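A.B. asks: Let me begin by handing over the structure; questions about it come next.
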Amino acid sequence: MEIDVNEIKSFYSSLEATYREKTPRSLSLFKRAKKVFPDGLTYSIRKLSPYPPYIIKGKGAKVSDIDGNVYTDYWMGHGALFLGHAPDEILNVIKEQIENGAHFGYENEIALRYAELLIKILPNAEAIKFTNSGTESNYFVLRLARVYTKKLKVIKMKGGWHGAVEQLHYNVSYPYEGFETGGIPSELDMYVESVPFNDLNALEKVLKKRNIAAVFLEPVLGGGGAIGPEKDYLKGVRELCDQYDSLLVFDEVITGFRLALGGAQEYYGVKADIVTLGKIIGGGVPGAGAFAGPYDIMKYVEKERPKGERAYHSGTFSGNPLTTMAGYATIAYLMKNRGLYDHINLLGEGIKRKIDSLREESEIPIYSTGVGSVIGVHFTTSRPKNHREVYELRWGKGLIEKAYNMFMRVNNIIYISEDLAHLLLSVKHGEEDIERFTNLTREFLERIKKVIKM
Ligand SMILES: Cc1ncc(COP(=O)(O)O)c(C=O)c1O
């Protein structure tokens, strides 16, 4: 399958011209931003060409930019905004807490009450520590796993993202070779090994050496393309970790509270030794993160232990009353409204089914992936089963993906990234959003028929 590169580039240029017409104020802000932010961006992942829209307001499933364009959002604050932007259900609680103090730096009952609630709903968790981000959660757990097992090496999945944690910032993006950044001594790669997701044989080969402290794994690959685990894969990983004395760490920064209240552990009925959390745990308020597990493991973060036998944990804003209040209100709301999980998971299944039926209708290879409300849309020759196939099976040279993002953007649908369509729904998305998303995808496919040499 081939595409006419000139044709797709010219289609993209016409879309970009429309985008520029709609967003002059964003352009002028980006010009300022380039002077103060490297890349011109607060976080490089937020790149949208030729410049991003500057968002001034979010409500429900919509965001508005400074030029007055209103978009349906499928990025939802990196997936943190499960109840939508500025959710009425918890807004008063947040406002009240700000008035009482967003941060004390002392122990407080709000964090305690939230921890007690989380222990009840997270499978296999007896103790918990709050952190300020998903990155921090994985950072502390990396140490904890090493201290607990007295082993140094860890395994992660190729294409797996655990934040920019030294040892785990490894084989994240295609073609999955080495550390993703300078500044890490290359010898440190002796302490990390990566294996393909959904491949138990590859995992066992490495585990067999019995020198692995922990296997870090996103139960559903998020940034790696919204790829779900094959049947019994997670169960198999659990068994292998038990067999070879390694801890199993589920990075549930995306899937936590999203697939089910108890996250992927509950959804798949597989227990991890430690779970790392972020995003939704903070109720949409910054400083969101935690890690949890059985007391027997978690006790190694206690400061009173001898230096070599403790995994130190810290954080000025950890367990702050604002984030834990917002998190508590969010999780308590979800507990009372468990039907929302059926709603959002059905919506996710619906969008995937519709994308797949567009393939049959248009005869253009487009495939959906993902689980529940974590959804991938791929222009690949078949449905990708792992991170590698997400890129290697592409027929549009990355140009189709970029055009799709821009086409959606000029039609008031927004998501990140422009290289990979992975969508994160909130409970505020509805059938009509899904319908609109599908109709626009149909239009896009019609339009790109011209650029495909069948
Ligand atoms: C699975 C996963 N782990 C960890 C992280 C890092 O979380 P944070 O950006 O809060 O540091 C992310 C962020 O996207 C993630 O998706």
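Residue numbers start at 1 in each chain; chains themselves are named A, B, ... in the order of the structure tokens; ligands are numbered from 1 in the order shown.
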Write as a list in words the residues around ligand 1, taking 6 Å as the cut-off and counting only C-alpha atoms and all ligand atoms.
C.D. replies: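 Those residues are Ser133, Gly134, Thr135, Trp161, His162, Gly163, Glu218, Gly222, Asp251, Val253, Ile254, Gly278 and Lys279 of chain A.
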A.B. asks: Quick one: residues within 6 Å of region 365-368 of chain A, only C-alpha atoms, excluding same-chain residues fewer than 4 positions away - as a PyMOL selection string?
C.D. replies: chain A and resi 352+356+359+376-379+381+383
A.B. asks: Go ahead and save the residues from that selection, with C-alpha atoms, as a PDB file, in the first residue's frame.
C.D. replies:
ATOM      1  CA  LYS A 352     -13.462   1.107  18.702  1.00  0.00           C
ATOM      2  CA  ASP A 356     -13.269  -0.795  12.757  1.00  0.00           C
ATOM      3  CA  ARG A 359     -12.393   0.168   7.697  1.00  0.00           C
ATOM      4  CA  GLY A 376      -5.736   3.900  19.989  1.00  0.00           C
ATOM      5  CA  VAL A 377      -6.492   4.678  16.337  1.00  0.00           C
ATOM      6  CA  HIS A 378      -3.919   3.295  13.912  1.00  0.00           C
ATOM      7  CA  PHE A 379      -3.360   3.634  10.195  1.00  0.00           C
ATOM      8  CA  THR A 381      -1.910  -2.701   7.626  1.00  0.00           C
ATOM      9  CA  ARG A 383      -4.198  -4.399  14.119  1.00  0.00           C
TER      10      ARG A 383
END
A.B. asks: Going by DSSP on the backbone, which bits of region 33-159 of chain A are strand (DSSP E)? Write them as an mmCIF file with N, CA and C atoms, in the first residue's frame, please.
C.D. replies:
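Heads up, here's the output in result33.cif:
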data_model
loop_
_atom_site.group_PDB
_atom_site.id
_atom_site.type_symbol
_atom_site.label_atom_id
_atom_site.label_comp_id
_atom_site.auth_asym_id
_atom_site.auth_seq_id
_atom_site.Cartn_x
_atom_site.Cartn_y
_atom_site.Cartn_z
ATOM 1 N N ILE A 55 -4.917 27.147 25.491
ATOM 2 C CA ILE A 55 -6.210 26.854 26.121
ATOM 3 C C ILE A 55 -6.425 27.813 27.294
ATOM 4 N N ILE A 56 -7.625 28.373 27.340
ATOM 5 C CA ILE A 56 -7.907 29.286 28.450
ATOM 6 C C ILE A 56 -8.982 28.742 29.391
ATOM 7 N N LYS A 57 -9.723 27.735 28.920
ATOM 8 C CA LYS A 57 -10.796 27.250 29.784
ATOM 9 C C LYS A 57 -11.131 25.799 29.455
ATOM 10 N N GLY A 58 -11.496 25.048 30.473
ATOM 11 C CA GLY A 58 -11.962 23.686 30.244
ATOM 12 C C GLY A 58 -13.212 23.439 31.067
ATOM 13 N N LYS A 59 -14.182 22.793 30.457
ATOM 14 C CA LYS A 59 -15.393 22.418 31.208
ATOM 15 C C LYS A 59 -15.919 21.108 30.618
ATOM 16 N N LYS A 62 -14.918 19.570 27.104
ATOM 17 C CA LYS A 62 -14.542 20.606 26.128
ATOM 18 C C LYS A 62 -13.447 21.522 26.678
ATOM 19 N N VAL A 63 -12.613 22.010 25.745
ATOM 20 C CA VAL A 63 -11.676 23.083 26.100
ATOM 21 C C VAL A 63 -11.837 24.211 25.087
ATOM 22 N N SER A 64 -11.581 25.437 25.537
ATOM 23 C CA SER A 64 -11.676 26.604 24.643
ATOM 24 C C SER A 64 -10.308 27.241 24.556
ATOM 25 N N ASP A 65 -9.958 27.689 23.350
ATOM 26 C CA ASP A 65 -8.664 28.351 23.216
ATOM 27 C C ASP A 65 -8.838 29.869 23.207
ATOM 28 N N VAL A 70 -13.739 26.172 20.313
ATOM 29 C CA VAL A 70 -14.090 25.202 21.359
ATOM 30 C C VAL A 70 -13.863 23.794 20.790
ATOM 31 N N TYR A 71 -13.101 22.997 21.520
ATOM 32 C CA TYR A 71 -12.756 21.657 21.044
ATOM 33 C C TYR A 71 -13.343 20.600 21.984
ATOM 34 N N THR A 72 -13.721 19.461 21.411
ATOM 35 C CA THR A 72 -13.953 18.294 22.265
ATOM 36 C C THR A 72 -12.583 17.674 22.510
ATOM 37 N N ASP A 73 -12.288 17.464 23.772
ATOM 38 C CA ASP A 73 -10.942 17.075 24.192
ATOM 39 C C ASP A 73 -10.863 15.560 24.394
ATOM 40 N N ALA A 127 -0.729 -0.641 52.601
ATOM 41 C CA ALA A 127 -0.096 0.629 52.972
ATOM 42 C C ALA A 127 0.187 1.434 51.712
ATOM 43 N N ILE A 128 0.289 2.740 51.897
ATOM 44 C CA ILE A 128 0.405 3.628 50.732
ATOM 45 C C ILE A 128 1.283 4.828 51.083
ATOM 46 N N LYS A 129 1.967 5.368 50.101
ATOM 47 C CA LYS A 129 2.639 6.660 50.278
ATOM 48 C C LYS A 129 2.234 7.548 49.122
ATOM 49 N N PHE A 130 1.924 8.795 49.430
ATOM 50 C CA PHE A 130 1.601 9.747 48.364
ATOM 51 C C PHE A 130 2.883 10.328 47.789
ATOM 52 N N THR A 131 2.827 10.628 46.486
ATOM 53 C CA THR A 131 3.932 11.316 45.818
ATOM 54 C C THR A 131 3.319 12.506 45.060
ATOM 55 N N LYS A 153 18.773 -5.282 39.282
ATOM 56 C CA LYS A 153 18.326 -5.147 37.890
ATOM 57 C C LYS A 153 16.796 -5.172 37.779
ATOM 58 N N VAL A 154 16.268 -4.428 36.819
ATOM 59 C CA VAL A 154 14.817 -4.440 36.613
ATOM 60 C C VAL A 154 14.503 -4.708 35.139
ATOM 61 N N ILE A 155 13.284 -5.160 34.925
ATOM 62 C CA ILE A 155 12.798 -5.360 33.549
ATOM 63 C C ILE A 155 11.682 -4.351 33.298
ATOM 64 N N LYS A 156 11.677 -3.804 32.102
ATOM 65 C CA LYS A 156 10.538 -2.991 31.664
ATOM 66 C C LYS A 156 10.154 -3.429 30.263
ATOM 67 N N MET A 157 8.992 -2.980 29.826
ATOM 68 C CA MET A 157 8.540 -3.350 28.486
ATOM 69 C C MET A 157 9.088 -2.364 27.461
#
A.B. asks: Env of Arg146 (chain A): 10 Å cut, atoms = only C-alpha atoms, seq-sep filter 3 positions within chain, self excluded. Answer as a list of chain:residue names.
C.D. replies: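 The filter keeps A:Val141, A:Leu142, A:Arg143, A:Thr149, A:Lys150, A:Lys151, A:Leu152, A:Lys153, A:Val154, A:Ile212, A:Ala213, A:Ala214, A:Ser246, A:Leu247, A:Glu309, A:Arg310, A:Ala311.
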A.B. asks: Which value, in Å to one decimal, gives the distance between CA of Lys208 (chain A) and CA of Ile274 (chain A)?
C.D. replies: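 These atoms are spaced 21.0 Å apart.
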A.B. asks: Could you give me, as a tab-separated table (two decimals) with N, CA and C atoms, in the first residue's frame, each residue of region 318-387 of chain A that DSSP assigns to alpha helix (DSSP H) when run on this structure's backbone?
C.D. replies:
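Saved the output as out-v3.tsv:
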chain	number	residue	atom	x	y	z
A	321	PRO	N	-3.20	18.70	51.48
A	321	PRO	CA	-4.65	18.60	51.68
A	321	PRO	C	-5.47	18.93	50.44
A	322	LEU	N	-4.93	19.75	49.55
A	322	LEU	CA	-5.73	20.10	48.37
A	322	LEU	C	-5.85	18.90	47.43
A	323	THR	N	-4.73	18.31	47.09
A	323	THR	CA	-4.76	17.17	46.15
A	323	THR	C	-5.50	15.99	46.77
A	324	THR	N	-5.24	15.72	48.04
A	324	THR	CA	-5.88	14.55	48.64
A	324	THR	C	-7.38	14.79	48.86
A	325	MET	N	-7.76	16.03	49.07
A	325	MET	CA	-9.19	16.35	49.19
A	325	MET	C	-9.88	16.15	47.84
A	326	ALA	N	-9.27	16.67	46.77
A	326	ALA	CA	-9.85	16.52	45.43
A	326	ALA	C	-9.88	15.05	45.03
A	327	GLY	N	-8.79	14.34	45.36
A	327	GLY	CA	-8.73	12.91	45.04
A	327	GLY	C	-9.81	12.15	45.80
A	328	TYR	N	-9.94	12.44	47.08
A	328	TYR	CA	-10.96	11.75	47.89
A	328	TYR	C	-12.35	11.99	47.31
A	329	ALA	N	-12.63	13.25	47.01
A	329	ALA	CA	-13.97	13.58	46.49
A	329	ALA	C	-14.23	12.86	45.17
A	330	THR	N	-13.21	12.76	44.34
A	330	THR	CA	-13.36	12.09	43.04
A	330	THR	C	-13.64	10.60	43.23
A	331	ILE	N	-12.81	9.97	44.05
A	331	ILE	CA	-12.95	8.52	44.21
A	331	ILE	C	-14.26	8.19	44.95
A	332	ALA	N	-14.60	9.02	45.93
A	332	ALA	CA	-15.86	8.78	46.65
A	332	ALA	C	-17.04	8.92	45.68
A	333	TYR	N	-16.95	9.90	44.78
A	333	TYR	CA	-18.01	10.09	43.79
A	333	TYR	C	-18.11	8.87	42.87
A	334	LEU	N	-16.96	8.37	42.44
A	334	LEU	CA	-16.96	7.20	41.56
A	334	LEU	C	-17.50	5.97	42.28
A	335	MET	N	-17.20	5.88	43.59
A	335	MET	CA	-17.72	4.73	44.37
A	335	MET	C	-19.23	4.75	44.41
A	336	LYS	N	-19.77	5.96	44.55
A	336	LYS	CA	-21.22	6.09	44.63
A	336	LYS	C	-21.88	5.93	43.28
A	339	GLY	N	-21.86	2.96	38.12
A	339	GLY	CA	-22.42	2.80	36.78
A	339	GLY	C	-21.64	3.60	35.73
A	340	LEU	N	-20.92	4.62	36.19
A	340	LEU	CA	-20.13	5.42	35.25
A	340	LEU	C	-19.08	4.58	34.54
A	341	TYR	N	-18.62	3.52	35.24
A	341	TYR	CA	-17.62	2.65	34.59
A	341	TYR	C	-18.24	1.91	33.40
A	342	ASP	N	-19.49	1.47	33.58
A	342	ASP	CA	-20.16	0.82	32.43
A	342	ASP	C	-20.31	1.82	31.31
A	343	HIS	N	-20.71	3.04	31.68
A	343	HIS	CA	-20.92	4.09	30.67
A	343	HIS	C	-19.63	4.33	29.89
A	344	ILE	N	-18.55	4.58	30.59
A	344	ILE	CA	-17.32	4.98	29.89
A	344	ILE	C	-16.70	3.80	29.14
A	345	ASN	N	-16.76	2.61	29.73
A	345	ASN	CA	-16.17	1.46	29.04
A	345	ASN	C	-16.97	1.08	27.80
A	346	LEU	N	-18.30	1.22	27.90
A	346	LEU	CA	-19.14	0.95	26.71
A	346	LEU	C	-18.87	1.98	25.62
A	347	LEU	N	-18.69	3.23	26.05
A	347	LEU	CA	-18.38	4.30	25.10
A	347	LEU	C	-17.07	3.97	24.36
A	348	GLY	N	-16.09	3.52	25.13
A	348	GLY	CA	-14.79	3.15	24.56
A	348	GLY	C	-14.94	1.99	23.58
A	349	GLU	N	-15.71	0.98	23.97
A	349	GLU	CA	-15.93	-0.16	23.07
A	349	GLU	C	-16.64	0.32	21.81
A	350	GLY	N	-17.60	1.23	22.01
A	350	GLY	CA	-18.38	1.76	20.87
A	350	GLY	C	-17.48	2.47	19.87
A	351	ILE	N	-16.60	3.29	20.35
A	351	ILE	CA	-15.75	4.06	19.42
A	351	ILE	C	-14.82	3.09	18.67
A	352	LYS	N	-14.35	2.08	19.37
A	352	LYS	CA	-13.46	1.11	18.70
A	352	LYS	C	-14.22	0.34	17.62
A	353	ARG	N	-15.43	-0.07	17.95
A	353	ARG	CA	-16.24	-0.81	16.97
A	353	ARG	C	-16.50	0.04	15.74
A	354	LYS	N	-16.81	1.31	16.00
A	354	LYS	CA	-17.14	2.19	14.88
A	354	LYS	C	-15.93	2.43	13.98
A	355	ILE	N	-14.77	2.63	14.61
A	355	ILE	CA	-13.54	2.83	13.82
A	355	ILE	C	-13.31	1.60	12.95
A	356	ASP	N	-13.50	0.43	13.54
A	356	ASP	CA	-13.27	-0.80	12.76
A	356	ASP	C	-14.29	-0.95	11.64
A	357	SER	N	-15.52	-0.49	11.89
A	357	SER	CA	-16.51	-0.64	10.80
A	357	SER	C	-16.21	0.37	9.68
A	358	LEU	N	-15.55	1.47	10.02
A	358	LEU	CA	-15.16	2.42	8.96
A	358	LEU	C	-14.14	1.78	8.00
A	359	ARG	N	-13.36	0.86	8.56
A	359	ARG	CA	-12.39	0.17	7.70
A	359	ARG	C	-13.14	-0.64	6.63
A	360	GLU	N	-14.16	-1.35	7.09
A	360	GLU	CA	-14.93	-2.15	6.14
A	360	GLU	C	-15.64	-1.26	5.13
A	361	GLU	N	-16.17	-0.15	5.64
A	361	GLU	CA	-16.94	0.76	4.79
A	361	GLU	C	-16.04	1.42	3.73
A	362	SER	N	-14.86	1.87	4.16
A	362	SER	CA	-14.01	2.67	3.27
A	362	SER	C	-12.95	1.84	2.55
A	387	HIS	N	3.97	-2.58	20.80
A	387	HIS	CA	4.56	-1.27	20.52
A	387	HIS	C	5.23	-1.21	19.16
A.B. asks: Counting only C-alpha atoms, what is within 12 Å of region 13-23 of chain A, bar same-chain residues fewer than 2 positions away, as a PDB file with C-alpha atoms, in the first residue's frame?
C.D. replies:
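Final file, selection08.pdb:
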ATOM      1  CA  ASN A   6       3.007  15.194  -2.518  1.00  0.00           C
ATOM      2  CA  GLU A   7      -0.756  14.844  -2.390  1.00  0.00           C
ATOM      3  CA  ILE A   8      -0.870  14.247   1.371  1.00  0.00           C
ATOM      4  CA  LYS A   9       1.537  17.116   1.980  1.00  0.00           C
ATOM      5  CA  SER A  10      -0.640  19.440  -0.043  1.00  0.00           C
ATOM      6  CA  PHE A  11      -3.743  18.256   1.867  1.00  0.00           C
ATOM      7  CA  ARG A  25      -3.725  34.723  19.026  1.00  0.00           C
ATOM      8  CA  SER A  26      -2.261  31.324  19.775  1.00  0.00           C
ATOM      9  CA  LEU A  27       0.438  32.027  17.221  1.00  0.00           C
ATOM     10  CA  SER A  28       1.399  35.258  18.928  1.00  0.00           C
ATOM     11  CA  LEU A  29       1.580  33.495  22.316  1.00  0.00           C
ATOM     12  CA  PHE A  30       3.744  30.773  20.803  1.00  0.00           C
ATOM     13  CA  LEU A  48       1.053  20.409  18.113  1.00  0.00           C
ATOM     14  CA  SER A  49       2.251  21.746  14.765  1.00  0.00           C
ATOM     15  CA  PRO A  50       2.790  24.394  13.632  1.00  0.00           C
ATOM     16  CA  TYR A  51       2.060  25.790  17.103  1.00  0.00           C
ATOM     17  CA  PRO A  52      -0.339  24.643  19.788  1.00  0.00           C
ATOM     18  CA  PRO A  53      -3.664  26.280  20.553  1.00  0.00           C
ATOM     19  CA  TYR A  54      -3.460  28.124  23.885  1.00  0.00           C
ATOM     20  CA  ILE A  55      -6.210  26.854  26.121  1.00  0.00           C
ATOM     21  CA  SER A  64     -11.676  26.604  24.643  1.00  0.00           C
ATOM     22  CA  ASP A  65      -8.664  28.351  23.216  1.00  0.00           C
ATOM     23  CA  ILE A  66      -7.709  32.004  23.325  1.00  0.00           C
ATOM     24  CA  ASP A  67      -9.119  32.549  19.818  1.00  0.00           C
ATOM     25  CA  GLY A  68     -12.559  31.359  20.893  1.00  0.00           C
ATOM     26  CA  ASN A  69     -12.395  27.891  19.308  1.00  0.00           C
ATOM     27  CA  VAL A  70     -14.090  25.202  21.359  1.00  0.00           C
ATOM     28  CA  LEU A 399       2.105  11.697   7.353  1.00  0.00           C
ATOM     29  CA  LYS A 402      -0.228  13.989  11.355  1.00  0.00           C
ATOM     30  CA  ALA A 403      -2.882  14.931   8.808  1.00  0.00           C
ATOM     31  CA  TYR A 404      -5.528  13.134  10.894  1.00  0.00           C
ATOM     32  CA  ASN A 405      -4.599  15.134  13.977  1.00  0.00           C
ATOM     33  CA  MET A 406      -4.717  18.400  12.030  1.00  0.00           C
ATOM     34  CA  PHE A 407      -7.963  17.468  10.277  1.00  0.00           C
ATOM     35  CA  MET A 408      -9.579  16.745  13.633  1.00  0.00           C
ATOM     36  CA  ARG A 409      -8.169  19.931  15.142  1.00  0.00           C
ATOM     37  CA  VAL A 410      -9.574  22.208  12.439  1.00  0.00           C
ATOM     38  CA  ASN A 411     -12.863  20.398  13.016  1.00  0.00           C
ATOM     39  CA  ASN A 412     -12.693  21.128  16.746  1.00  0.00           C
ATOM     40  CA  PHE A 444     -11.112  12.055   6.686  1.00  0.00           C
ATOM     41  CA  ARG A 447     -10.654  12.682   1.688  1.00  0.00           C
TER      42      ARG A 447
END
A.B. asks: For CA of Met1 (chain A) and CA of Arg394 (chain A), determine how far apart the two atoms are, in Å to one decimal place.
C.D. replies: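 For CA of Met1 (chain A) relative to CA of Arg394 (chain A), the distance reads 9.8 Å.
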A.B. asks: If I take CA of Tyr312 (chain A) and CA of Thr276 (chain A), how far is one from the other in Å, to one decimal?
C.D. replies: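 The value is 15.9 Å.
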A.B. asks: Mind checking which residues fall within 9 Å of Leu112 (chain A), counting only C-alpha atoms, ignoring those fewer than 5 positions away in the same chain, and posting them as a PyMOL selection string?
C.D. replies: chain A and resi 107+117+319+324
A.B. asks: Save the residues we just selected, N, CA and C atoms, as a short mmCIF file (atom, residue, chain, number, x, y, z; two decimals), in the first residue's frame?
C.D. replies:
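As written to disk, again-v9.cif reads:
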data_model
loop_
_atom_site.label_atom_id
_atom_site.label_comp_id
_atom_site.auth_asym_id
_atom_site.auth_seq_id
_atom_site.Cartn_x
_atom_site.Cartn_y
_atom_site.Cartn_z
N GLU A 107 1.15 16.89 59.07
CA GLU A 107 0.18 15.79 58.94
C GLU A 107 -1.22 16.35 58.96
N LEU A 117 -9.30 5.18 52.46
CA LEU A 117 -10.24 4.83 51.39
C LEU A 117 -9.52 4.05 50.28
N GLY A 319 1.03 14.31 49.90
CA GLY A 319 -0.08 14.22 50.85
C GLY A 319 -0.66 15.56 51.21
N THR A 324 -5.24 15.72 48.04
CA THR A 324 -5.88 14.55 48.64
C THR A 324 -7.38 14.79 48.86
#
